[in-house]
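Note: the block below is target24.cif and it holds mmCIF, C-alpha atoms (C1' of nucleotides).
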```
data_final
loop_
_atom_site.label_atom_id
_atom_site.label_comp_id
_atom_site.auth_asym_id
_atom_site.auth_seq_id
_atom_site.Cartn_x
_atom_site.Cartn_y
_atom_site.Cartn_z
CA MET A 146 -13.02 11.15 -0.35
CA GLY A 147 -9.51 9.88 -0.49
CA ALA A 148 -9.60 7.98 2.77
CA THR A 149 -10.24 4.26 2.91
CA LYS A 150 -13.77 3.38 4.05
CA THR A 151 -12.70 0.99 6.77
CA GLU A 152 -16.20 0.89 8.26
CA VAL A 153 -17.61 -1.10 5.39
CA PHE A 154 -15.12 -3.94 5.69
CA THR A 155 -14.68 -6.67 8.25
CA GLU A 156 -12.09 -6.48 11.00
CA GLN A 157 -10.28 -9.32 9.33
CA GLN A 158 -10.14 -7.58 5.98
CA ASN A 159 -8.84 -4.38 7.51
CA SER A 160 -6.33 -6.33 9.54
CA ILE A 161 -5.01 -8.25 6.53
CA ALA A 162 -4.72 -5.03 4.54
CA ASP A 163 -2.79 -3.41 7.36
CA LEU A 164 -0.40 -6.33 7.61
CA ALA A 165 0.12 -6.33 3.87
CA LYS A 166 1.18 -2.69 4.03
CA ALA A 167 4.34 -3.86 5.77
CA PHE A 168 5.31 -5.51 2.49
CA ALA A 169 3.75 -3.01 0.12
CA HIS A 170 6.80 -0.79 -0.19
CA PRO A 171 10.20 -1.98 -1.43
CA ALA A 172 12.05 -0.11 1.32
CA ARG A 173 10.05 -1.93 3.96
CA VAL A 174 10.59 -5.23 2.19
CA ALA A 175 14.31 -4.50 2.18
CA ILE A 176 14.29 -3.63 5.88
CA LEU A 177 12.40 -6.77 6.79
CA GLN A 178 14.71 -8.91 4.65
CA LEU A 179 17.74 -7.41 6.35
CA LEU A 180 16.28 -7.99 9.79
CA VAL A 181 15.46 -11.56 8.89
CA ALA A 182 18.82 -12.25 7.27
CA ARG A 183 20.92 -11.06 10.17
CA LYS A 184 18.76 -12.92 12.66
CA ALA A 185 19.95 -10.31 15.06
CA CYS A 186 19.03 -6.66 15.27
CA VAL A 187 20.31 -4.15 12.83
CA CYS A 188 20.47 -0.49 13.71
CA GLY A 189 21.46 2.60 11.75
CA ASP A 190 23.34 0.35 9.33
CA LEU A 191 20.00 0.26 7.59
CA VAL A 192 20.49 3.83 6.52
CA ASP A 193 23.82 2.96 4.89
CA GLU A 194 22.46 -0.08 3.14
CA LEU A 195 19.32 1.53 1.85
CA ASP A 196 20.28 4.55 -0.22
CA LEU A 197 17.54 6.57 1.39
CA ALA A 198 17.84 9.51 3.74
CA GLN A 199 17.97 8.82 7.44
CA ALA A 200 14.65 10.55 7.94
CA THR A 201 13.02 8.38 5.32
CA VAL A 202 14.32 5.15 6.80
CA SER A 203 13.21 6.26 10.23
CA GLN A 204 9.76 6.88 8.87
CA HIS A 205 9.50 3.40 7.37
CA LEU A 206 10.71 1.93 10.64
CA LYS A 207 7.98 3.85 12.42
CA GLU A 208 5.37 2.43 10.07
CA LEU A 209 6.66 -1.10 10.59
CA LYS A 210 6.54 -0.53 14.33
CA ARG A 211 2.98 0.77 14.08
CA ILE A 212 1.98 -2.40 12.26
CA GLY A 213 3.79 -4.29 14.98
CA ILE A 214 5.90 -6.52 12.77
CA ILE A 215 9.15 -5.12 14.16
CA GLN A 216 10.20 -3.82 17.53
CA GLY A 217 12.92 -1.42 18.56
CA GLU A 218 15.04 -1.46 21.62
CA ILE A 219 16.96 1.59 22.71
CA ASN A 220 20.62 0.88 23.25
CA PRO A 221 21.99 4.42 23.38
CA PRO A 222 22.93 6.11 21.34
CA ARG A 223 21.73 3.42 18.94
CA VAL A 224 18.38 1.77 18.49
CA CYS A 225 18.25 -1.90 17.78
CA TYR A 226 15.49 -3.23 15.58
CA CYS A 227 14.28 -6.73 15.06
CA ILE A 228 11.35 -8.76 13.86
CA ASN A 229 8.56 -9.21 16.37
CA PRO A 230 8.21 -12.99 16.30
CA GLU A 231 4.58 -13.05 17.42
CA VAL A 232 3.33 -10.66 14.78
CA TRP A 233 5.58 -12.28 12.20
CA GLU A 234 4.00 -15.64 12.98
CA GLU A 235 0.56 -14.08 12.81
CA ALA A 236 1.41 -12.65 9.39
CA ARG A 237 2.74 -15.99 8.26
CA GLN A 238 -0.50 -17.68 9.28
CA THR A 239 -2.70 -14.97 7.84
CA PHE A 240 -1.10 -15.10 4.42
CA GLY A 241 -0.78 -18.85 4.64
CA GLN A 242 -4.53 -19.21 5.12
CA MET A 243 -5.25 -16.71 2.43
CA PHE A 244 -3.29 -18.72 -0.08
CA GLU A 245 -4.12 -22.20 1.08
CA THR A 246 -7.81 -21.80 0.46
CA ILE A 247 -7.44 -21.73 -3.29
CA THR A 248 -7.47 -24.96 -5.27
CA ASN A 249 -9.21 -26.06 -8.42
CA VAL A 250 -9.66 -22.67 -9.93
CA THR A 251 -11.92 -23.16 -12.86
CA CYS A 252 -12.24 -19.82 -14.41
CA CYS A 253 -14.21 -17.78 -16.89
CA ASN A 254 -15.34 -20.29 -19.44
CA MET B 91 9.58 13.59 -3.73
CA GLY B 92 6.45 11.62 -3.04
CA ALA B 93 7.20 8.88 -5.52
CA THR B 94 8.81 5.63 -4.51
CA LYS B 95 12.50 5.39 -5.48
CA THR B 96 12.20 2.05 -7.23
CA GLU B 97 15.66 2.40 -8.78
CA VAL B 98 17.43 1.87 -5.48
CA PHE B 99 15.78 -1.46 -4.74
CA THR B 100 16.19 -4.87 -6.28
CA GLU B 101 13.76 -6.24 -8.85
CA GLN B 102 12.68 -8.78 -6.29
CA GLN B 103 11.95 -6.17 -3.65
CA ASN B 104 9.93 -4.09 -6.06
CA SER B 105 8.10 -7.16 -7.24
CA ILE B 106 7.20 -8.28 -3.73
CA ALA B 107 6.00 -4.80 -2.86
CA ASP B 108 3.84 -4.72 -5.95
CA LEU B 109 2.32 -8.08 -5.18
CA ALA B 110 1.65 -7.03 -1.60
CA LYS B 111 -0.32 -4.06 -2.86
CA ALA B 112 -2.99 -6.48 -4.00
CA PHE B 113 -3.65 -7.20 -0.33
CA ALA B 114 -2.89 -3.76 1.05
CA HIS B 115 -6.44 -2.42 0.77
CA PRO B 116 -9.45 -4.01 2.46
CA ALA B 117 -11.59 -3.66 -0.65
CA ARG B 118 -9.07 -5.64 -2.67
CA VAL B 119 -8.81 -8.23 0.08
CA ALA B 120 -12.58 -8.52 0.03
CA ILE B 121 -12.65 -8.90 -3.75
CA LEU B 122 -9.95 -11.57 -3.69
CA GLN B 123 -11.71 -13.43 -0.89
CA LEU B 124 -14.95 -13.40 -2.86
CA LEU B 125 -13.24 -14.65 -5.99
CA VAL B 126 -11.54 -17.41 -4.04
CA ALA B 127 -14.67 -18.39 -2.13
CA ARG B 128 -16.88 -18.79 -5.19
CA LYS B 129 -14.20 -20.73 -7.01
CA ALA B 130 -15.92 -19.44 -10.09
CA CYS B 131 -16.02 -15.98 -11.50
CA VAL B 132 -18.02 -13.22 -9.93
CA CYS B 133 -19.05 -10.21 -11.91
CA GLY B 134 -20.90 -7.03 -11.00
CA ASP B 135 -22.25 -8.75 -7.92
CA LEU B 136 -19.08 -7.41 -6.38
CA VAL B 137 -20.55 -3.94 -6.51
CA ASP B 138 -23.61 -5.09 -4.54
CA GLU B 139 -21.57 -6.92 -1.97
CA LEU B 140 -19.01 -4.23 -1.38
CA ASP B 141 -20.83 -1.08 -0.32
CA LEU B 142 -18.61 0.97 -2.60
CA ALA B 143 -19.58 2.84 -5.72
CA GLN B 144 -19.37 1.00 -9.01
CA ALA B 145 -16.60 3.26 -10.20
CA THR B 146 -14.57 2.53 -7.09
CA VAL B 147 -14.93 -1.21 -7.40
CA SER B 148 -13.99 -1.01 -11.06
CA GLN B 149 -10.89 0.92 -10.12
CA HIS B 150 -9.80 -1.70 -7.61
CA LEU B 151 -10.42 -4.41 -10.18
CA LYS B 152 -8.22 -2.51 -12.59
CA GLU B 153 -5.44 -2.37 -10.03
CA LEU B 154 -5.73 -6.10 -9.34
CA LYS B 155 -5.60 -6.74 -13.07
CA ARG B 156 -2.53 -4.54 -13.40
CA ILE B 157 -0.81 -6.59 -10.71
CA GLY B 158 -1.93 -9.65 -12.62
CA ILE B 159 -3.49 -11.53 -9.73
CA ILE B 160 -6.93 -11.54 -11.34
CA GLN B 161 -8.12 -11.72 -14.90
CA GLY B 162 -11.32 -10.57 -16.54
CA GLU B 163 -13.21 -12.15 -19.35
CA ILE B 164 -15.81 -10.19 -21.26
CA ASN B 165 -19.12 -11.97 -21.40
CA PRO B 166 -21.31 -9.14 -22.60
CA PRO B 167 -22.73 -7.17 -21.16
CA ARG B 168 -21.03 -8.59 -18.09
CA VAL B 169 -17.39 -9.08 -17.26
CA CYS B 170 -16.36 -12.16 -15.42
CA TYR B 171 -13.45 -11.94 -13.01
CA CYS B 172 -11.39 -14.65 -11.47
CA ILE B 173 -8.11 -15.35 -9.80
CA ASN B 174 -5.18 -15.83 -12.16
CA PRO B 175 -3.86 -19.16 -10.90
CA GLU B 176 -0.30 -18.62 -12.12
CA VAL B 177 0.16 -15.30 -10.41
CA TRP B 178 -1.68 -16.54 -7.36
CA GLU B 179 0.74 -19.42 -7.11
CA GLU B 180 3.62 -17.05 -7.58
CA ALA B 181 2.29 -14.90 -4.77
CA ARG B 182 1.84 -17.93 -2.58
CA GLN B 183 5.44 -18.94 -3.14
CA THR B 184 6.79 -15.43 -2.74
CA PHE B 185 5.13 -14.89 0.61
CA GLY B 186 5.82 -18.47 1.60
CA GLN B 187 9.54 -17.96 1.10
CA MET B 188 9.47 -14.63 2.84
CA PHE B 189 8.00 -16.21 5.93
CA GLU B 190 9.77 -19.52 5.88
CA THR B 191 13.20 -17.99 6.19
CA ILE B 192 12.65 -16.82 9.73
CA THR B 193 13.43 -19.11 12.63
CA ASN B 194 15.28 -18.66 15.90
CA VAL B 195 14.76 -14.96 16.24
CA THR B 196 16.97 -13.90 19.04
CA CYS B 197 16.37 -10.27 19.42
CA CYS B 198 17.62 -7.12 21.03
CA ASN B 199 19.35 -8.30 24.13
"C1'" DA C 149 -33.11 2.19 -34.69
"C1'" DT C 150 -33.82 2.67 -29.92
"C1'" DT C 151 -33.45 1.28 -25.38
"C1'" DT C 152 -31.48 -1.27 -21.70
"C1'" DT C 153 -27.79 -3.25 -19.09
"C1'" DG C 154 -23.32 -3.74 -17.20
"C1'" DT C 155 -18.82 -1.92 -16.98
"C1'" DA C 156 -14.91 1.18 -17.98
"C1'" DT C 157 -13.16 5.63 -17.91
"C1'" DC C 158 -12.91 10.68 -17.02
"C1'" DG C 159 -12.61 14.42 -13.99
"C1'" DT C 160 -12.24 15.98 -9.58
"C1'" DA C 161 -11.82 16.36 -4.52
"C1'" DA C 162 -10.02 14.61 -0.32
"C1'" DT C 163 -6.60 12.22 1.92
"C1'" DA C 164 -2.39 9.38 2.32
"C1'" DT C 165 2.26 8.30 1.25
"C1'" DT C 166 7.00 9.11 0.10
"C1'" DG C 167 11.14 11.58 0.59
"C1'" DC C 168 14.27 14.78 2.52
"C1'" DG C 169 16.58 18.78 4.87
"C1'" DA C 170 16.71 20.72 9.22
"C1'" DT C 171 16.08 20.42 13.89
"C1'" DT C 172 15.56 18.26 18.32
"C1'" DG C 173 16.63 15.20 21.97
"C1'" DA C 174 19.06 11.85 24.51
"C1'" DT C 175 23.18 9.70 25.76
"C1'" DA C 176 28.23 8.73 25.53
"C1'" DA C 177 32.69 10.50 25.10
"C1'" DA C 178 35.95 14.05 25.63
"C1'" DT D 225 30.49 21.15 30.70
"C1'" DT D 226 31.14 20.68 25.97
"C1'" DT D 227 31.06 17.98 22.02
"C1'" DA D 228 29.97 14.16 19.14
"C1'" DT D 229 26.80 10.56 17.69
"C1'" DC D 230 22.59 8.44 16.46
"C1'" DA D 231 17.81 8.40 15.83
"C1'" DA D 232 13.18 10.63 16.05
"C1'" DT D 233 10.40 14.23 14.66
"C1'" DC D 234 8.93 18.52 12.23
"C1'" DG D 235 7.75 20.88 8.17
"C1'" DC D 236 7.29 20.86 3.59
"C1'" DA D 237 6.86 19.52 -1.41
"C1'" DA D 238 5.78 16.09 -4.76
"C1'" DT D 239 3.23 12.30 -5.94
"C1'" DA D 240 -0.07 8.45 -5.25
"C1'" DT D 241 -4.31 6.57 -3.68
"C1'" DT D 242 -9.14 6.41 -2.65
"C1'" DA D 243 -13.75 7.51 -3.69
"C1'" DC D 244 -17.51 8.93 -6.46
"C1'" DG D 245 -20.68 11.25 -9.85
"C1'" DA D 246 -21.08 11.69 -14.54
"C1'" DT D 247 -20.29 10.11 -18.83
"C1'" DA D 248 -18.95 7.02 -22.50
"C1'" DC D 249 -19.10 2.52 -24.58
"C1'" DA D 250 -20.34 -1.96 -26.16
"C1'" DA D 251 -23.47 -5.51 -26.88
"C1'" DA D 252 -28.18 -7.53 -26.21
"C1'" DA D 253 -32.89 -6.93 -26.20
"C1'" DT D 254 -36.80 -4.63 -27.79
#
```
Would you kindly transcribe this structure into C-alpha coordinates?
Amino acid sequence: MGATKTEVFTEQQNSIADLAKAFAHPARVAILQLLVARKACVCGDLVDELDLAQATVSQHLKELKRIGIIQGEINPPRVCYCINPEVWEEARQTFGQMFETITNVTCCN
Amino acid sequence: MGATKTEVFTEQQNSIADLAKAFAHPARVAILQLLVARKACVCGDLVDELDLAQATVSQHLKELKRIGIIQGEINPPRVCYCINPEVWEEARQTFGQMFETITNVTCCN
DNA sequence: ATTTTGTATCGTAATATTGCGATTGATAAA
DNA sequence: TTTATCAATCGCAATATTACGATACAAAAT
(Lines of atoms letter the chains of each structure in order from A and count residues from 1; the text may use other names and numbers.)
(Lines give C-alpha, C1' and ligand atoms only; values in the text may rest on other atoms or scores of the structure.)
Protein backbone atom coordinates (compact mmCIF):
# COMPACT_ATOMS: atom_id res chain seq x y z
CA MET A 1 0.00 0.00 0.00
CA GLY A 2 1.09 3.53 -0.56
CA ALA A 3 0.21 3.68 -4.23
CA THR A 4 -3.03 5.17 -5.47
CA LYS A 5 -5.58 2.55 -6.52
CA THR A 6 -6.25 4.03 -9.93
CA GLU A 7 -8.11 0.92 -11.08
CA VAL A 8 -11.08 1.61 -8.86
CA PHE A 9 -11.74 5.07 -10.24
CA THR A 10 -13.08 6.28 -13.56
CA GLU A 11 -10.82 7.55 -16.32
CA GLN A 12 -12.28 10.97 -15.78
CA GLN A 13 -11.53 10.97 -12.08
CA ASN A 14 -7.96 9.87 -12.64
CA SER A 15 -7.56 12.43 -15.37
CA ILE A 16 -8.87 15.29 -13.24
CA ALA A 17 -6.61 14.26 -10.38
CA ASP A 18 -3.62 14.20 -12.70
CA LEU A 19 -4.41 17.64 -14.05
CA ALA A 20 -4.86 19.00 -10.55
CA LYS A 21 -1.37 17.81 -9.66
CA ALA A 22 -0.03 20.53 -11.93
CA PHE A 23 -1.41 23.04 -9.43
CA ALA A 24 -0.87 21.02 -6.28
CA HIS A 25 2.61 22.32 -5.54
CA PRO A 26 3.46 25.99 -5.04
CA ALA A 27 6.58 25.75 -7.21
CA ARG A 28 4.51 24.49 -10.11
CA VAL A 29 1.90 27.17 -9.51
CA ALA A 30 4.69 29.74 -9.58
CA ILE A 31 6.11 28.32 -12.81
CA LEU A 32 2.72 28.30 -14.49
CA GLN A 33 2.01 31.85 -13.33
CA LEU A 34 5.33 33.02 -14.73
CA LEU A 35 4.70 31.31 -18.04
CA VAL A 36 1.26 32.84 -18.23
CA ALA A 37 2.40 36.31 -17.19
CA ARG A 38 5.17 36.59 -19.75
CA LYS A 39 2.94 35.26 -22.50
CA ALA A 40 6.16 34.18 -24.06
CA CYS A 41 8.49 31.40 -23.05
CA VAL A 42 10.70 31.65 -20.06
CA CYS A 43 13.82 29.55 -19.76
CA GLY A 44 16.41 29.14 -17.03
CA ASP A 45 15.30 32.48 -15.60
CA LEU A 46 12.88 30.31 -13.70
CA VAL A 47 15.73 29.01 -11.62
CA ASP A 48 16.71 32.56 -10.62
CA GLU A 49 13.19 33.57 -9.80
CA LEU A 50 12.29 30.51 -7.81
CA ASP A 51 14.80 30.14 -4.99
CA LEU A 52 15.05 26.45 -5.65
CA ALA A 53 17.99 24.49 -6.98
CA GLN A 54 18.28 24.03 -10.72
CA ALA A 55 17.74 20.31 -10.37
CA THR A 56 14.55 20.87 -8.43
CA VAL A 57 13.12 23.30 -10.94
CA SER A 58 14.01 20.94 -13.76
CA GLN A 59 12.16 18.19 -11.98
CA HIS A 60 9.00 20.27 -11.62
CA LEU A 61 9.24 21.21 -15.28
CA LYS A 62 9.47 17.54 -16.13
CA GLU A 63 6.33 16.82 -14.13
CA LEU A 64 4.46 19.65 -15.83
CA LYS A 65 5.59 18.30 -19.19
CA ARG A 66 4.43 14.82 -18.24
CA ILE A 67 1.00 16.21 -17.43
CA GLY A 68 1.17 18.01 -20.74
CA ILE A 69 0.25 21.48 -19.53
CA ILE A 70 3.56 22.95 -20.68
CA GLN A 71 5.88 22.23 -23.55
CA GLY A 72 9.57 22.82 -24.00
CA GLU A 73 11.43 23.76 -27.09
CA ILE A 74 15.16 23.35 -27.33
CA ASN A 75 16.90 26.52 -28.38
CA PRO A 76 20.50 25.64 -27.51
CA PRO A 77 21.96 25.98 -25.13
CA ARG A 78 18.66 27.10 -23.60
CA VAL A 79 15.29 25.45 -23.40
CA CYS A 80 12.23 27.53 -23.87
CA TYR A 81 9.10 26.61 -21.96
CA CYS A 82 5.55 27.69 -22.46
CA ILE A 83 1.99 26.78 -21.72
CA ASN A 84 0.47 24.16 -24.00
CA PRO A 85 -2.68 25.97 -25.08
CA GLU A 86 -4.67 22.83 -25.86
CA VAL A 87 -4.09 21.19 -22.51
CA TRP A 88 -4.53 24.52 -20.76
CA GLU A 89 -7.92 24.91 -22.41
CA GLU A 90 -8.80 21.35 -21.47
CA ALA A 91 -7.88 22.10 -17.86
CA ARG A 92 -9.91 25.28 -17.95
CA GLN A 93 -12.94 23.37 -19.17
CA THR A 94 -12.44 20.49 -16.77
CA PHE A 95 -12.29 22.69 -13.71
CA GLY A 96 -14.96 24.95 -15.11
CA GLN A 97 -17.38 22.04 -15.37
CA MET A 98 -16.42 20.77 -11.98
CA PHE A 99 -17.32 24.06 -10.39
CA GLU A 100 -20.27 25.02 -12.51
CA THR A 101 -22.30 22.01 -11.49
CA ILE A 102 -22.78 23.22 -7.95
CA THR A 103 -25.70 25.46 -7.08
CA ASN A 104 -28.23 25.47 -4.29
CA VAL A 105 -26.17 23.63 -1.77
CA THR A 106 -28.50 22.84 1.04
CA CYS A 107 -26.41 21.14 3.57
CA CYS A 108 -26.51 19.08 6.72
CA ASN A 109 -29.65 20.20 8.45
CA MET B 1 14.71 17.54 2.05
CA GLY B 2 11.45 15.95 1.05
CA ALA B 3 9.27 18.68 2.48
CA THR B 4 7.92 21.49 0.37
CA LYS B 5 9.73 24.80 0.90
CA THR B 6 6.61 26.84 1.55
CA GLU B 7 8.64 29.80 2.83
CA VAL B 8 9.95 30.66 -0.61
CA PHE B 9 6.52 30.99 -2.20
CA THR B 10 3.81 33.57 -1.85
CA GLU B 11 0.78 33.03 0.36
CA GLN B 12 -1.32 32.92 -2.77
CA GLN B 13 0.80 30.25 -4.39
CA ASN B 14 0.73 28.09 -1.29
CA SER B 15 -2.99 28.62 -0.97
CA ILE B 16 -3.68 27.63 -4.57
CA ALA B 17 -1.53 24.55 -4.20
CA ASP B 18 -3.38 23.56 -1.07
CA LEU B 19 -6.74 23.99 -2.73
CA ALA B 20 -5.60 21.98 -5.72
CA LYS B 21 -4.73 19.10 -3.44
CA ALA B 22 -8.43 18.58 -2.89
CA PHE B 23 -8.63 17.53 -6.54
CA ALA B 24 -5.23 15.90 -6.83
CA HIS B 25 -6.38 12.41 -5.85
CA PRO B 26 -9.06 10.45 -7.69
CA ALA B 27 -10.70 9.34 -4.45
CA ARG B 28 -11.14 12.94 -3.38
CA VAL B 29 -12.43 13.88 -6.81
CA ALA B 30 -14.93 11.04 -6.53
CA ILE B 31 -16.02 12.14 -3.07
CA LEU B 32 -16.47 15.75 -4.19
CA GLN B 33 -18.40 14.66 -7.27
CA LEU B 34 -20.71 12.56 -5.12
CA LEU B 35 -21.29 15.38 -2.69
CA VAL B 36 -22.02 17.77 -5.54
CA ALA B 37 -24.27 15.33 -7.39
CA ARG B 38 -26.52 14.55 -4.44
CA LYS B 39 -26.79 18.21 -3.54
CA ALA B 40 -27.44 16.91 -0.08
CA CYS B 41 -25.10 15.29 2.34
CA VAL B 42 -23.84 11.78 1.89
CA CYS B 43 -22.52 9.81 4.78
CA GLY B 44 -20.97 6.36 5.08
CA ASP B 45 -22.49 5.46 1.74
CA LEU B 46 -19.24 6.86 0.43
CA VAL B 47 -17.45 3.82 1.75
CA ASP B 48 -19.78 1.51 -0.20
CA GLU B 49 -19.46 3.49 -3.38
CA LEU B 50 -15.72 3.92 -3.32
CA ASP B 51 -14.14 0.47 -3.18
CA LEU B 52 -11.69 1.68 -0.58
CA ALA B 53 -11.45 0.68 3.05
CA GLN B 54 -13.42 2.69 5.56
CA ALA B 55 -10.26 3.96 7.16
CA THR B 56 -8.97 5.19 3.82
CA VAL B 57 -12.16 7.04 2.98
CA SER B 58 -12.18 8.59 6.42
CA GLN B 59 -8.64 9.77 5.88
CA HIS B 60 -9.52 11.44 2.59
CA LEU B 61 -12.51 13.08 4.23
CA LYS B 62 -10.22 14.40 6.92
CA GLU B 63 -7.92 15.90 4.30
CA LEU B 64 -10.85 17.53 2.51
CA LYS B 65 -12.03 18.93 5.84
CA ARG B 66 -8.55 20.26 6.57
CA ILE B 67 -8.57 22.07 3.24
CA GLY B 68 -12.00 23.34 4.18
CA ILE B 69 -13.80 22.39 1.00
CA ILE B 70 -16.20 20.07 2.81
CA GLN B 71 -17.77 20.11 6.22
CA GLY B 72 -19.12 17.34 8.40
CA GLU B 73 -22.04 17.40 10.73
CA ILE B 74 -22.46 14.74 13.37
CA ASN B 75 -25.84 13.11 13.22
CA PRO B 76 -25.20 10.11 15.43
CA PRO B 77 -24.23 7.54 14.79
CA ARG B 78 -23.70 8.91 11.30
CA VAL B 79 -21.73 11.86 10.06
CA CYS B 80 -23.13 13.91 7.28
CA TYR B 81 -20.74 15.50 4.81
CA CYS B 82 -21.30 18.24 2.34
CA ILE B 83 -19.55 20.82 0.26
CA ASN B 84 -18.64 24.02 2.10
CA PRO B 85 -20.19 26.58 -0.24
CA GLU B 86 -17.89 29.42 0.78
CA VAL B 87 -14.69 27.54 0.16
CA TRP B 88 -16.13 25.98 -2.96
CA GLU B 89 -16.87 29.43 -4.30
CA GLU B 90 -13.41 30.55 -3.36
CA ALA B 91 -11.96 27.61 -5.24
CA ARG B 92 -14.14 28.36 -8.22
CA GLN B 93 -12.89 31.92 -8.30
CA THR B 94 -9.28 30.98 -7.70
CA PHE B 95 -9.17 28.51 -10.56
CA GLY B 96 -11.33 30.78 -12.67
CA GLN B 97 -8.82 33.59 -12.36
CA MET B 98 -5.92 31.27 -12.96
CA PHE B 99 -7.40 30.18 -16.25
CA GLU B 100 -8.93 33.42 -17.38
CA THR B 101 -5.63 35.24 -17.49
CA ILE B 102 -4.33 33.26 -20.44
CA THR B 103 -5.05 34.41 -23.96
CA ASN B 104 -2.93 34.83 -27.06
CA VAL B 105 -0.31 32.29 -26.19
CA THR B 106 2.40 32.77 -28.69
CA CYS B 107 4.94 30.21 -27.87
CA CYS B 108 8.45 29.07 -28.51
CA ASN B 109 9.20 30.32 -31.96
C1' DA C 1 -25.90 -2.46 31.39
C1' DT C 2 -24.99 -4.49 27.09
C1' DT C 3 -24.93 -4.58 22.33
C1' DT C 4 -24.98 -2.54 17.89
C1' DT C 5 -23.79 0.83 14.49
C1' DG C 6 -21.12 4.19 12.17
C1' DT C 7 -16.97 6.73 12.15
C1' DA C 8 -12.43 8.40 13.73
C1' DT C 9 -7.92 7.34 14.91
C1' DC C 10 -3.68 4.54 15.62
C1' DG C 11 0.02 1.97 13.89
C1' DT C 12 2.35 0.30 10.18
C1' DA C 13 3.91 -0.85 5.47
C1' DA C 14 4.48 0.49 0.80
C1' DT C 15 5.13 3.97 -2.35
C1' DA C 16 5.52 8.78 -3.98
C1' DT C 17 7.24 13.34 -3.69
C1' DT C 18 10.46 16.97 -2.76
C1' DG C 19 14.95 18.80 -2.79
C1' DC C 20 19.70 19.06 -3.88
C1' DG C 21 24.66 18.11 -5.06
C1' DA C 22 27.13 16.06 -8.58
C1' DT C 23 27.46 14.55 -13.04
C1' DT C 24 26.37 14.19 -17.86
C1' DG C 25 25.38 15.81 -22.36
C1' DA C 26 24.74 18.95 -26.01
C1' DT C 27 25.79 23.09 -28.22
C1' DA C 28 28.01 27.71 -28.73
C1' DA C 29 31.95 30.41 -28.15
C1' DA C 30 36.77 30.93 -27.81
C1' DT D 1 40.04 21.41 -29.93
C1' DT D 2 39.10 23.37 -25.66
C1' DT D 3 36.16 25.78 -22.76
C1' DA D 4 31.96 27.73 -21.13
C1' DT D 5 26.99 27.55 -20.62
C1' DC D 6 22.57 25.66 -19.76
C1' DA D 7 19.56 22.03 -18.78
C1' DA D 8 18.57 17.06 -17.89
C1' DT D 9 19.42 13.21 -15.22
C1' DC D 10 21.38 10.30 -11.45
C1' DG D 11 21.68 9.09 -6.78
C1' DC D 12 20.46 9.89 -2.42
C1' DA D 13 18.16 11.53 1.94
C1' DA D 14 14.17 13.40 4.13
C1' DT D 15 9.47 13.75 4.28
C1' DA D 16 4.64 13.04 2.70
C1' DT D 17 0.98 10.30 0.99
C1' DT D 18 -1.82 6.28 0.37
C1' DA D 19 -3.94 2.26 2.08
C1' DC D 20 -5.64 -0.82 5.47
C1' DG D 21 -6.41 -3.77 9.67
C1' DA D 22 -7.27 -3.15 14.28
C1' DT D 23 -8.89 -0.58 17.78
C1' DA D 24 -11.23 3.11 20.17
C1' DC D 25 -15.23 5.99 20.75
C1' DA D 26 -19.77 7.85 20.96
C1' DA D 27 -24.55 7.48 20.79
C1' DA D 28 -28.78 4.66 19.92
C1' DA D 29 -31.13 0.57 20.50
C1' DT D 30 -32.01 -3.40 23.05
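Going from atom CA of A:Phe244 over to atom CA of B:His150, you cover 19.7 Å.
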For chain A, report every residue with an atom at most 8 Å from chain B (counting all atoms listed in the file), formatted as number ranges by chain. A: 149, 151, 153-154, 158-159, 161-166, 168-172, 174-175, 178, 181, 184-186, 195-196, 217-218, 225-228, 230, 233, 237, 240-241, 243-244, 246-247, 249-253
**Study point:** D:DT241 surroundings by all atoms listed in the file, 9 Å radius, close-in-sequence under 3 positions cut, as number ranges by chain
**Key:** A: 147-148; C: 163-165
Listed atoms of stretch 119-134 of chain B, axis-aligned box, 8 Å per side: centre and edge lengths to one decimal in Å, as JSON?
```
{"center_x": -14.9, "center_y": -13.9, "center_z": -5.9, "size_x": 28.1, "size_y": 29.7, "size_z": 28.0}
```
Give me the residues of stretch 160-253 of chain A that have any atom at most 8 Å from an atom of stretch 166-172 of chain C; for each, the nearest atom pair and the distance in Å, rounded to one decimal. Use all atoms listed in the file, sort by chain and number, and format it as a tab-separated table.
```
residue	atom	partner	partner_atom	distance
A:Ala198	CA	C:DC168	C1'	6.5
A:Ala200	CA	C:DC168	C1'	6.9
A:Thr201	CA	C:DG167	C1'	6.0
```
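The two atoms in question, atom CA of B:Pro167 and atom C1' of D:DA248, are spaced 14.7 Å apart.
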Handout entry: Ground truth for the PyMOL selection byres ((chain C and resi 159) around 10), written as a PyMOL selection string
Key = (chain C and resi 157-158+160-161) or (chain D and resi 245-246)
